[in-house]
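Source file: run-v9.txt (compact mmCIF, C-alpha atoms)
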```txt
# COMPACT_ATOMS: atom_id res chain seq x y z
CA MET D 1 0.00 0.00 0.00
CA ASN D 2 1.48 3.36 -1.04
CA PRO D 3 1.33 6.12 1.56
CA PRO D 4 -0.86 9.10 0.66
CA GLN D 5 0.64 12.32 -0.57
CA THR D 6 0.88 14.83 2.23
CA SER D 7 0.95 18.58 2.37
CA PRO D 8 2.78 20.79 4.88
CA GLY D 9 1.22 20.49 8.32
CA THR D 10 -0.47 17.16 7.56
CA GLN D 11 2.44 14.72 7.61
CA PRO D 12 1.67 11.32 9.12
CA GLY D 13 1.62 11.67 12.90
CA ASN D 14 0.95 15.44 12.71
CA HIS D 15 -2.29 17.30 12.04
CA PRO D 16 -3.53 20.82 11.45
CA GLN D 17 -4.60 22.72 14.53
CA ARG D 18 -8.15 22.97 13.18
CA PHE D 19 -8.58 19.22 13.84
CA GLU D 20 -7.44 19.31 17.48
CA ALA D 21 -10.99 19.67 18.82
CA PHE D 22 -11.74 16.16 17.52
CA ASP D 23 -9.45 14.77 20.25
CA LEU D 24 -12.02 15.91 22.82
CA LEU D 25 -14.76 13.74 21.30
CA ALA D 26 -15.73 10.31 22.61
CA THR D 27 -16.67 9.08 19.14
CA LEU D 28 -14.04 7.81 16.68
CA VAL D 29 -13.18 10.38 14.01
CA ALA D 30 -11.01 10.30 10.91
CA VAL D 31 -10.58 13.05 8.35
CA VAL D 32 -9.91 11.49 4.94
CA ARG D 33 -9.59 12.49 1.32
CA SER D 34 -11.79 11.23 -1.48
CA ASP D 35 -9.35 8.35 -2.10
CA ALA D 36 -9.71 7.31 1.60
CA SER D 37 -6.17 8.38 2.51
CA VAL D 38 -6.11 9.58 6.12
CA VAL D 39 -5.41 13.23 6.91
CA PHE D 40 -6.11 12.98 10.65
CA CYS D 41 -7.45 10.56 13.25
CA ASN D 42 -8.45 11.46 16.79
CA ALA D 43 -7.31 9.90 20.07
CA ALA D 44 -10.50 7.85 20.44
CA LEU D 45 -9.94 6.15 17.07
CA GLU D 46 -6.28 5.55 17.91
CA ASP D 47 -7.30 3.91 21.19
CA ALA D 48 -10.06 1.80 19.60
CA MET D 49 -7.79 0.56 16.79
CA GLY D 50 -4.94 -0.23 19.16
CA VAL D 51 -2.34 1.32 16.84
CA SER D 52 -0.67 4.72 16.70
CA ARG D 53 -2.21 7.57 14.77
CA ARG D 54 1.02 7.77 12.75
CA HIS D 55 0.31 4.24 11.51
CA ILE D 56 -3.32 5.07 10.74
CA ALA D 57 -2.32 8.29 8.96
CA SER D 58 -0.01 6.33 6.66
CA SER D 59 -2.79 3.96 5.56
CA ASN D 60 -5.82 3.91 3.33
CA PHE D 61 -8.78 4.03 5.69
CA ALA D 62 -11.03 1.91 3.47
CA ALA D 63 -8.66 -1.03 4.03
CA SER D 64 -9.60 -0.95 7.73
CA PHE D 65 -13.18 -1.95 6.89
CA THR D 66 -14.34 -5.50 6.26
CA ASP D 67 -16.17 -4.10 3.21
CA PRO D 68 -13.88 -1.34 1.86
CA GLN D 69 -16.11 -0.65 -1.14
CA THR D 70 -18.93 0.70 1.02
CA LEU D 71 -16.72 3.47 2.41
CA ARG D 72 -15.26 4.23 -1.02
CA GLN D 73 -18.75 4.64 -2.49
CA ALA D 74 -19.78 6.85 0.43
CA LEU D 75 -16.71 9.06 -0.07
CA THR D 76 -17.41 9.34 -3.79
CA GLY D 77 -21.00 10.32 -3.12
CA VAL D 78 -20.16 12.92 -0.50
CA THR D 79 -17.23 14.53 -2.34
CA GLY D 80 -19.33 14.54 -5.52
CA ASN D 81 -22.05 16.49 -3.68
CA LYS D 82 -24.57 13.70 -4.17
CA PHE D 83 -25.04 13.62 -0.39
CA ALA D 84 -24.26 16.06 2.41
CA ALA D 85 -23.98 13.12 4.79
CA LEU D 86 -24.33 9.38 4.60
CA ARG D 87 -24.86 6.74 7.30
CA PHE D 88 -24.29 3.00 7.24
CA GLU D 89 -23.34 0.07 9.48
CA ALA D 90 -19.88 -1.46 9.13
CA SER D 91 -17.20 -3.46 10.92
CA LEU D 92 -13.73 -2.11 11.54
CA LYS D 93 -10.71 -4.43 11.42
CA ARG D 94 -8.25 -4.05 14.32
CA PRO D 95 -4.81 -5.71 14.33
CA GLY D 96 -4.77 -8.56 16.85
CA ARG D 97 -8.24 -7.68 18.18
CA ASP D 98 -11.87 -8.49 17.44
CA LEU D 99 -13.84 -6.67 14.77
CA LEU D 100 -15.47 -3.44 15.94
CA PRO D 101 -19.10 -3.09 14.74
CA ALA D 102 -19.92 0.59 14.33
CA HIS D 103 -22.42 3.08 12.99
CA VAL D 104 -20.56 5.16 10.38
CA ILE D 105 -21.40 8.77 9.48
CA VAL D 106 -19.66 10.29 6.46
CA THR D 107 -19.97 14.09 6.29
CA GLN D 108 -18.83 16.90 3.99
CA THR D 109 -16.46 19.61 5.20
CA ASP D 110 -15.78 23.09 3.86
CA GLN D 111 -12.67 21.76 2.08
CA PRO D 112 -13.09 20.32 -1.44
CA ASP D 113 -11.22 17.07 -0.82
CA GLU D 114 -11.72 16.40 2.89
CA VAL D 115 -14.42 14.24 4.45
CA ILE D 116 -15.15 13.54 8.11
CA VAL D 117 -15.74 9.86 8.89
CA GLU D 118 -17.29 9.43 12.34
CA LEU D 119 -17.73 5.99 13.87
CA VAL D 120 -19.92 5.24 16.87
CA PRO D 121 -19.22 1.71 18.17
CA LEU D 122 -22.53 -0.12 18.45
CA GLU D 123 -21.52 -1.44 21.87
CA GLN D 124 -20.77 2.11 23.02
CA GLN D 125 -24.04 3.37 21.57
CA ALA D 126 -25.98 0.64 23.40
CA ARG D 127 -24.08 1.38 26.62
CA GLN D 128 -24.79 5.11 26.35
CA GLU D 129 -28.48 4.41 25.81
CA ARG D 130 -28.46 2.07 28.82
CA GLU D 131 -26.68 4.68 30.98
CA GLU D 132 -29.18 7.35 29.95
CA ARG D 133 -32.04 4.99 30.76
CA LEU D 134 -30.55 4.15 34.17
CA LEU D 135 -29.90 7.82 34.91
CA ASP D 136 -33.48 8.75 34.06
CA GLN D 137 -34.75 5.83 36.13
CA ALA D 138 -32.54 6.81 39.09
CA GLN D 139 -33.84 10.38 38.95
CA ALA D 140 -37.43 9.14 38.81
CA ASN D 141 -36.71 6.76 41.71
CA LYS D 142 -35.25 9.61 43.76
CA GLU D 143 -38.31 11.81 43.27
CA LEU D 144 -40.66 8.90 43.95
CA ILE D 145 -38.79 7.92 47.13
CA ARG D 146 -38.70 11.44 48.51
CA ASN D 147 -42.38 12.09 47.84
CA LEU D 148 -43.48 8.68 49.07
CA ALA D 149 -41.34 8.89 52.21
CA HIS D 150 -42.75 12.28 53.16
CA GLU D 151 -46.32 11.08 52.52
CA ILE D 152 -45.72 8.05 54.78
CA LYS D 153 -43.84 9.94 57.50
CA ASN D 154 -46.54 12.51 58.29
CA PRO D 155 -49.40 10.09 59.15
CA LEU D 156 -46.95 7.63 60.69
CA GLY D 157 -46.19 9.99 63.57
CA GLY D 158 -49.90 10.42 64.18
CA ILE D 159 -50.50 6.66 64.25
CA ARG D 160 -47.69 6.10 66.74
CA GLY D 161 -48.81 8.97 68.97
CA ALA D 162 -52.41 7.74 68.96
CA ALA D 163 -51.26 4.23 69.90
CA GLN D 164 -49.24 5.61 72.83
CA LEU D 165 -52.21 7.65 74.10
CA LEU D 166 -54.49 4.64 73.73
CA GLU D 167 -52.05 2.52 75.74
CA LEU D 168 -52.26 4.99 78.63
CA GLU D 169 -56.06 4.55 78.74
CA ILE D 170 -55.96 0.75 78.68
CA ASN D 171 -55.64 -1.16 81.92
CA SER D 172 -55.53 -4.60 80.29
CA ASP D 173 -52.12 -6.16 79.61
CA GLU D 174 -53.66 -8.26 76.83
CA LEU D 175 -54.96 -5.17 75.00
CA SER D 176 -51.66 -3.34 75.59
CA GLU D 177 -49.95 -5.99 73.49
CA TYR D 178 -51.93 -4.72 70.49
CA THR D 179 -50.86 -1.12 71.01
CA GLN D 180 -47.27 -2.31 71.37
CA VAL D 181 -47.57 -4.05 67.99
CA ILE D 182 -48.78 -0.77 66.44
CA ILE D 183 -45.93 1.21 68.04
CA HIS D 184 -43.31 -1.39 67.03
CA GLU D 185 -44.50 -1.52 63.41
CA ALA D 186 -44.67 2.29 63.25
CA ASP D 187 -41.05 2.44 64.46
CA ARG D 188 -40.02 -0.14 61.86
CA LEU D 189 -41.65 1.89 59.09
CA GLN D 190 -40.02 5.05 60.45
CA THR D 191 -36.61 3.37 60.21
CA LEU D 192 -37.33 2.35 56.62
CA VAL D 193 -38.43 5.90 55.72
CA ASP D 194 -35.28 7.33 57.33
CA ARG D 195 -33.15 4.98 55.23
CA LEU D 196 -35.02 6.06 52.09
CA LEU D 197 -34.39 9.72 52.86
CA ALA D 198 -30.83 9.32 54.18
CA PRO D 199 -28.88 9.99 50.93
CA HIS D 200 -30.95 13.11 50.21
CA ARG D 201 -30.60 14.55 53.73
CA ARG D 202 -26.90 14.09 54.38
CA PRO D 203 -24.61 16.71 52.85
CA HIS D 204 -22.00 15.57 50.31
CA VAL D 205 -18.76 15.88 52.32
CA VAL D 206 -15.85 16.11 49.88
CA GLY D 207 -12.23 15.41 50.75
CA ASP D 208 -9.19 13.50 49.48
CA VAL D 209 -10.00 9.81 49.11
CA ASN D 210 -7.63 6.87 48.84
CA ILE D 211 -9.79 4.10 47.39
CA HIS D 212 -7.62 1.38 48.92
CA GLU D 213 -8.24 2.75 52.41
CA VAL D 214 -11.95 2.50 51.60
CA CYS D 215 -11.53 -1.10 50.42
CA GLU D 216 -9.52 -2.06 53.51
CA ARG D 217 -12.13 -0.58 55.84
CA VAL D 218 -14.90 -2.56 54.15
CA ARG D 219 -12.78 -5.72 54.05
CA THR D 220 -12.26 -5.47 57.82
CA LEU D 221 -15.99 -5.03 58.44
CA ILE D 222 -16.98 -7.94 56.20
CA GLN D 223 -14.40 -10.33 57.68
CA ALA D 224 -15.46 -9.36 61.20
CA GLU D 225 -19.05 -10.32 60.36
CA PHE D 226 -18.09 -13.46 58.41
CA PRO D 227 -14.89 -14.69 60.10
CA LYS D 228 -14.99 -18.25 58.72
CA GLY D 229 -15.51 -19.69 55.25
CA LEU D 230 -15.19 -16.37 53.40
CA SER D 231 -12.00 -15.10 51.80
CA VAL D 232 -11.72 -11.45 50.74
CA VAL D 233 -9.10 -11.19 48.00
CA ARG D 234 -7.27 -7.92 47.28
CA ASP D 235 -6.14 -7.16 43.73
CA TYR D 236 -5.06 -3.52 43.87
CA ASP D 237 -3.37 -1.20 41.42
CA THR D 238 -1.30 0.85 43.85
CA SER D 239 -0.56 3.50 41.21
CA LEU D 240 -4.09 4.87 41.53
CA PRO D 241 -4.06 8.51 42.65
CA GLU D 242 -6.21 10.01 45.36
CA PHE D 243 -9.29 11.88 44.19
CA ARG D 244 -11.87 14.23 45.62
CA GLY D 245 -14.91 12.44 47.01
CA ASP D 246 -17.05 11.58 50.00
CA ARG D 247 -15.20 8.83 51.85
CA GLU D 248 -18.13 7.76 54.01
CA GLN D 249 -20.45 7.48 51.01
CA LEU D 250 -17.92 5.33 49.17
CA ILE D 251 -17.46 3.10 52.22
CA GLN D 252 -21.24 2.67 52.43
CA THR D 253 -21.43 1.93 48.70
CA LEU D 254 -18.76 -0.76 48.84
CA LEU D 255 -20.16 -2.16 52.08
CA ASN D 256 -23.69 -2.49 50.64
CA ILE D 257 -22.42 -4.38 47.59
CA SER D 258 -20.06 -6.59 49.62
CA HIS D 259 -22.67 -7.35 52.26
CA ASN D 260 -25.14 -8.45 49.57
CA ALA D 261 -22.43 -10.64 48.07
CA ALA D 262 -21.58 -12.23 51.44
CA GLN D 263 -25.24 -13.02 52.11
CA ALA D 264 -25.61 -14.56 48.65
CA LEU D 265 -22.55 -16.72 49.42
CA SER D 266 -24.12 -18.35 52.50
CA GLU D 267 -23.93 -21.89 51.08
CA ARG D 268 -20.34 -21.49 49.94
CA ILE D 269 -19.40 -19.96 53.30
CA GLN D 270 -20.64 -23.14 54.93
CA SER D 271 -18.52 -25.13 52.46
CA GLY D 272 -15.53 -22.90 53.22
CA ASP D 273 -14.81 -21.78 49.63
CA ALA D 274 -16.67 -18.44 49.43
CA GLU D 275 -14.68 -15.61 47.86
CA ILE D 276 -15.13 -11.88 47.33
CA THR D 277 -12.53 -9.98 45.31
CA PHE D 278 -11.81 -6.25 45.42
CA MET D 279 -10.00 -5.23 42.24
CA THR D 280 -8.89 -1.69 41.37
CA ARG D 281 -7.55 -0.52 38.02
CA VAL D 282 -6.94 2.69 36.11
CA ALA D 283 -9.26 2.96 33.10
CA ARG D 284 -7.99 5.20 30.30
CA GLN D 285 -9.96 7.09 27.66
CA VAL D 286 -13.35 5.85 28.87
CA THR D 287 -16.79 7.26 28.15
CA PHE D 288 -19.71 7.23 30.54
CA GLY D 289 -22.43 9.68 31.45
CA LYS D 290 -22.13 11.19 27.93
CA GLN D 291 -18.58 12.37 28.73
CA ARG D 292 -15.14 11.09 27.86
CA TYR D 293 -12.57 10.91 30.63
CA ARG D 294 -8.82 10.59 30.24
CA LEU D 295 -8.57 8.60 33.49
CA ALA D 296 -11.09 6.88 35.71
CA LEU D 297 -11.09 4.62 38.74
CA GLU D 298 -12.35 1.15 37.84
CA LEU D 299 -13.39 -0.74 40.97
CA HIS D 300 -14.71 -4.30 40.78
CA VAL D 301 -16.46 -6.23 43.54
CA MET D 302 -16.64 -9.86 42.40
CA ASP D 303 -17.96 -12.98 44.09
CA ASN D 304 -18.25 -16.67 43.26
CA GLY D 305 -21.86 -16.97 44.41
CA PRO D 306 -24.96 -18.29 42.62
CA GLY D 307 -25.52 -15.11 40.61
CA ILE D 308 -28.46 -12.71 40.50
CA PRO D 309 -31.84 -14.29 39.62
CA ASP D 310 -32.79 -13.60 35.98
CA GLU D 311 -36.16 -12.17 36.95
CA ILE D 312 -34.60 -9.21 38.79
CA LYS D 313 -31.34 -8.69 36.85
CA ASP D 314 -32.67 -5.63 35.06
CA ARG D 315 -34.20 -4.18 38.25
CA ILE D 316 -31.53 -4.67 40.91
CA PHE D 317 -30.92 -0.93 41.32
CA TYR D 318 -34.63 -0.18 41.73
CA PRO D 319 -35.76 0.59 45.29
CA LEU D 320 -37.37 -2.23 47.29
CA VAL D 321 -36.20 -4.93 44.83
CA SER D 322 -34.34 -7.70 46.66
CA GLY D 323 -33.12 -11.13 45.68
CA ARG D 324 -33.33 -12.61 49.17
CA GLU D 325 -35.98 -13.21 51.79
CA GLY D 326 -36.30 -10.32 54.21
CA GLY D 327 -34.09 -7.96 52.21
CA SER D 328 -35.06 -4.28 52.20
CA GLY D 329 -34.03 -3.74 48.56
CA LEU D 330 -32.35 -0.42 49.41
CA GLY D 331 -28.64 -1.31 49.50
CA LEU D 332 -27.97 -1.17 45.76
CA THR D 333 -30.29 1.80 45.26
CA LEU D 334 -28.25 3.78 47.80
CA ALA D 335 -24.99 2.52 46.22
CA GLN D 336 -26.13 3.79 42.82
CA THR D 337 -27.14 7.16 44.29
CA PHE D 338 -23.76 7.61 46.01
CA VAL D 339 -21.78 6.65 42.88
CA GLN D 340 -23.82 9.05 40.73
CA GLN D 341 -23.10 11.82 43.23
CA HIS D 342 -19.42 11.22 42.36
CA HIS D 343 -20.29 11.65 38.64
CA GLY D 344 -19.66 7.93 38.21
CA THR D 345 -21.56 4.91 37.04
CA ILE D 346 -22.19 1.43 38.41
CA GLU D 347 -23.16 -1.67 36.46
CA CYS D 348 -23.44 -5.38 37.07
CA ASP D 349 -22.60 -8.52 35.11
CA SER D 350 -23.82 -11.75 36.68
CA GLU D 351 -24.01 -15.43 35.90
CA PRO D 352 -23.97 -18.55 38.11
CA GLY D 353 -20.57 -18.73 39.83
CA ARG D 354 -19.59 -15.13 39.07
CA THR D 355 -21.12 -11.74 39.84
CA ASP D 356 -19.16 -8.57 39.04
CA PHE D 357 -20.19 -5.08 40.13
CA LYS D 358 -18.10 -2.47 38.30
CA ILE D 359 -17.85 1.12 39.52
CA LEU D 360 -16.32 3.85 37.36
CA ILE D 361 -15.45 7.25 38.90
CA PRO D 362 -13.55 10.04 37.08
CA LEU D 363 -10.00 10.72 38.26
CA PRO D 364 -8.17 14.06 38.09
```
Here is the file; what I need is its structure written in the form of structure tokens.
Amino acid sequence: MNPPQTSPGTQPGNHPQRFEAFDLLATLVAVVRSDASVVFCNAALEDAMGVSRRHIASSNFAASFTDPQTLRQALTGVTGNKFAALRFEASLKRPGRDLLPAHVIVTQTDQPDEVIVELVPLEQQARQEREERLLDQAQANKELIRNLAHEIKNPLGGIRGAAQLLELEINSDELSEYTQVIIHEADRLQTLVDRLLAPHRRPHVVGDVNIHEVCERVRTLIQAEFPKGLSVVRDYDTSLPEFRGDREQLIQTLLNISHNAAQALSERIQSGDAEITFMTRVARQVTFGKQRYRLALELHVMDNGPGIPDEIKDRIFYPLVSGREGGSGLGLTLAQTFVQQHHGTIECDSEPGRTDFKILIPLP
């Protein structure tokens, strides 16, 4: 393959300043000529292809597609002013890696022989749609919880007070048992309401956070509660920097996830082979919450339990949804709320023998 002819300022590995803004985009972008020779590729495309932009800039971009002719025809149509923009589905070849299915958008520029080729990985598009859906659902949950909790709390105080007054008027121990039931159940509901309102009441206290100190605190708490049959494995990337966050919220988040995992591991704890793993990594050039981040904390909480039941997999972050008898269904809802307050995201991948909760939080 012969390298494309270059002009000053557009040698392979360099690019005009007018293209620099493309490096801020999360989507994959290449600027090509009508013959598919590459003028510029952004950092996201370089990262997705797994090769340097100098290598990409010295190639014919059509050769990177499983069907090169489709791109060539699109470039001919756009540069010939038959279309202002053209969209199609394609697969991108990546050296030593799997094919990358993507939605391709070919667009005219104000230059006669330059075309912008934008690629949105279908996996990324699906993930963005899922994140948007979860964010909307979390916001709706928050409003529902706050409104419902306030509606319950007001009459609840009246019910409890009336039961206490009634108890003072009753001289029968047998009848007093009934008022005690009312008072006890009112207190239980009050505790539930307080837990529902807790993340919205408490101020977000920001300070420097070392995620491994958070992990160690939670590991100590979990092993104190489950001293036998459960191993908590540490797989840390010690190069992770500190970041600004609410330490107590992050401890509560990790504790809620770990506690759920430990309870799901009850049978394996009895067998003595239960395992929870805390794994930290640095994620580079990642996109979540509609933004691209140069660095992010990637925290995994993994267990070797039975997995999350299929019927609730898509609803585990909804309030009052629990996979075990007697569970309140609030632990993961609160975890999601706390992670989102750190501008992060939380997702879960589960199958029998392996459940993995992944938390992503932007790093400075």
Contact table region 257-355 of chain D vs region 29-44 of chain D, cut-off 12 Å, shortest pair per residue, only C-alpha atoms, as JSON lines:
```
{"residue": "D:Arg284", "atom": "CA", "partner": "D:Ala44", "partner_atom": "CA", "distance": 10.5}
{"residue": "D:Gln285", "atom": "CA", "partner": "D:Ala44", "partner_atom": "CA", "distance": 7.3}
{"residue": "D:Val286", "atom": "CA", "partner": "D:Ala44", "partner_atom": "CA", "distance": 9.1}
{"residue": "D:Thr287", "atom": "CA", "partner": "D:Ala44", "partner_atom": "CA", "distance": 10.0}
{"residue": "D:Arg292", "atom": "CA", "partner": "D:Ala44", "partner_atom": "CA", "distance": 9.3}
{"residue": "D:Tyr293", "atom": "CA", "partner": "D:Ala44", "partner_atom": "CA", "distance": 10.8}
{"residue": "D:Arg294", "atom": "CA", "partner": "D:Ala43", "partner_atom": "CA", "distance": 10.3}
```
- Query: Smallest atom-to-atom distance to Pro364 (chain D): which of D:Pro121, D:Pro227, D:Gly50, D:Pro241, using all atoms listed in the file?
  - Reply: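 Ranked by minimum distance to Pro364 (chain D), first place goes to D:Pro241.
Comparing the minimum interatomic distances between Glu275 (chain D) and each of D:Thr337, D:Thr345, D:Asn256, D:Thr355, counting all atoms listed in the file, we find that D:Thr355 sits nearest.
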Counting all atoms listed in the file, the residue of D:Asp113, D:Asp310, D:Asp237, D:Asp98 that sits nearest Ala283 (chain D):
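Of D:Asp113, D:Asp310, D:Asp237, D:Asp98, the one nearest Ala283 (chain D), counting all atoms listed in the file, is D:Asp237.
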task: Grab the CA of Asp314 (chain D) to CA of Leu254 (chain D) distance for me, in Å with one decimal place.
output: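 According to the coordinates, CA of Asp314 (chain D) and CA of Leu254 (chain D) are separated by 20.2 Å.
Note that the spacing between CA of Leu122 (chain D) and CA of Leu295 (chain D) amounts to 22.3 Å.
For the residues D:Leu86, D:Gln190, D:Tyr236, D:Arg244, ranking by smallest atom-to-atom distance to Val209 (chain D) using only C-alpha atoms places D:Arg244 first.
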In terms of only C-alpha atoms, the residue from D:Leu28, D:Thr79, D:Arg219, D:Leu175 at minimal distance from His103 (chain D) is D:Leu28
Taken to one decimal, the CA of Glu123 (chain D)-CA of Ala62 (chain D) distance is 21.4 Å
For a quick check of understanding, using only C-alpha atoms, which of D:Ala63, D:Met279, D:Val115, D:Leu332 has the smallest distance to Phe317 (chain D)?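 Nearest candidate to Phe317 (chain D) out of D:Ala63, D:Met279, D:Val115, D:Leu332: D:Leu332.
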4 Å per side around region 43-49 of chain D: axis-aligned box centre and edge lengths, as lines of an AutoDock Vina configuration file:
```
center_x = -8.4
center_y = 5.2
center_z = 19.0
size_x = 12.2
size_y = 17.3
size_z = 12.4
```
- Message: List the spatial neighbours of region 247-253 of chain D as an NGL selection string - criterion: any atom at most 9 Å away, all atoms listed in the file, same-chain residues fewer than 6 positions off excluded.
- Response: :D and (199 or 204-211 or 214-215 or 217-218 or 331-332 or 334-339)
Exercise. Leaving out Arg354 (chain D) and any residue of its chain fewer than 2 positions from it, which residues lie within 7 Å of it when counting all atoms listed in the file, given as a VMD selection string?
Worked result: chain D and resid 302 to 305 307 350 to 352 356
Write the selection just made, keeping C-alpha atoms, as a short mmCIF file (atom, residue, chain, number, x, y, z; two decimals), keeping the file's coordinate frame?
```
data_model
loop_
_atom_site.label_atom_id
_atom_site.label_comp_id
_atom_site.auth_asym_id
_atom_site.auth_seq_id
_atom_site.Cartn_x
_atom_site.Cartn_y
_atom_site.Cartn_z
CA MET D 302 -16.64 -9.86 42.40
CA ASP D 303 -17.96 -12.98 44.09
CA ASN D 304 -18.25 -16.67 43.26
CA GLY D 305 -21.86 -16.97 44.41
CA GLY D 307 -25.52 -15.11 40.61
CA SER D 350 -23.82 -11.75 36.68
CA GLU D 351 -24.01 -15.43 35.90
CA PRO D 352 -23.97 -18.55 38.11
CA ASP D 356 -19.16 -8.57 39.04
#
```
> Neighbours of Ala261 (chain D) within 8 Å (all atoms listed in the file; same-chain residues fewer than 2 positions away dropped), as an NGL selection string?
Replying inline: :D and (257-259 or 263-265 or 276 or 303 or 305)
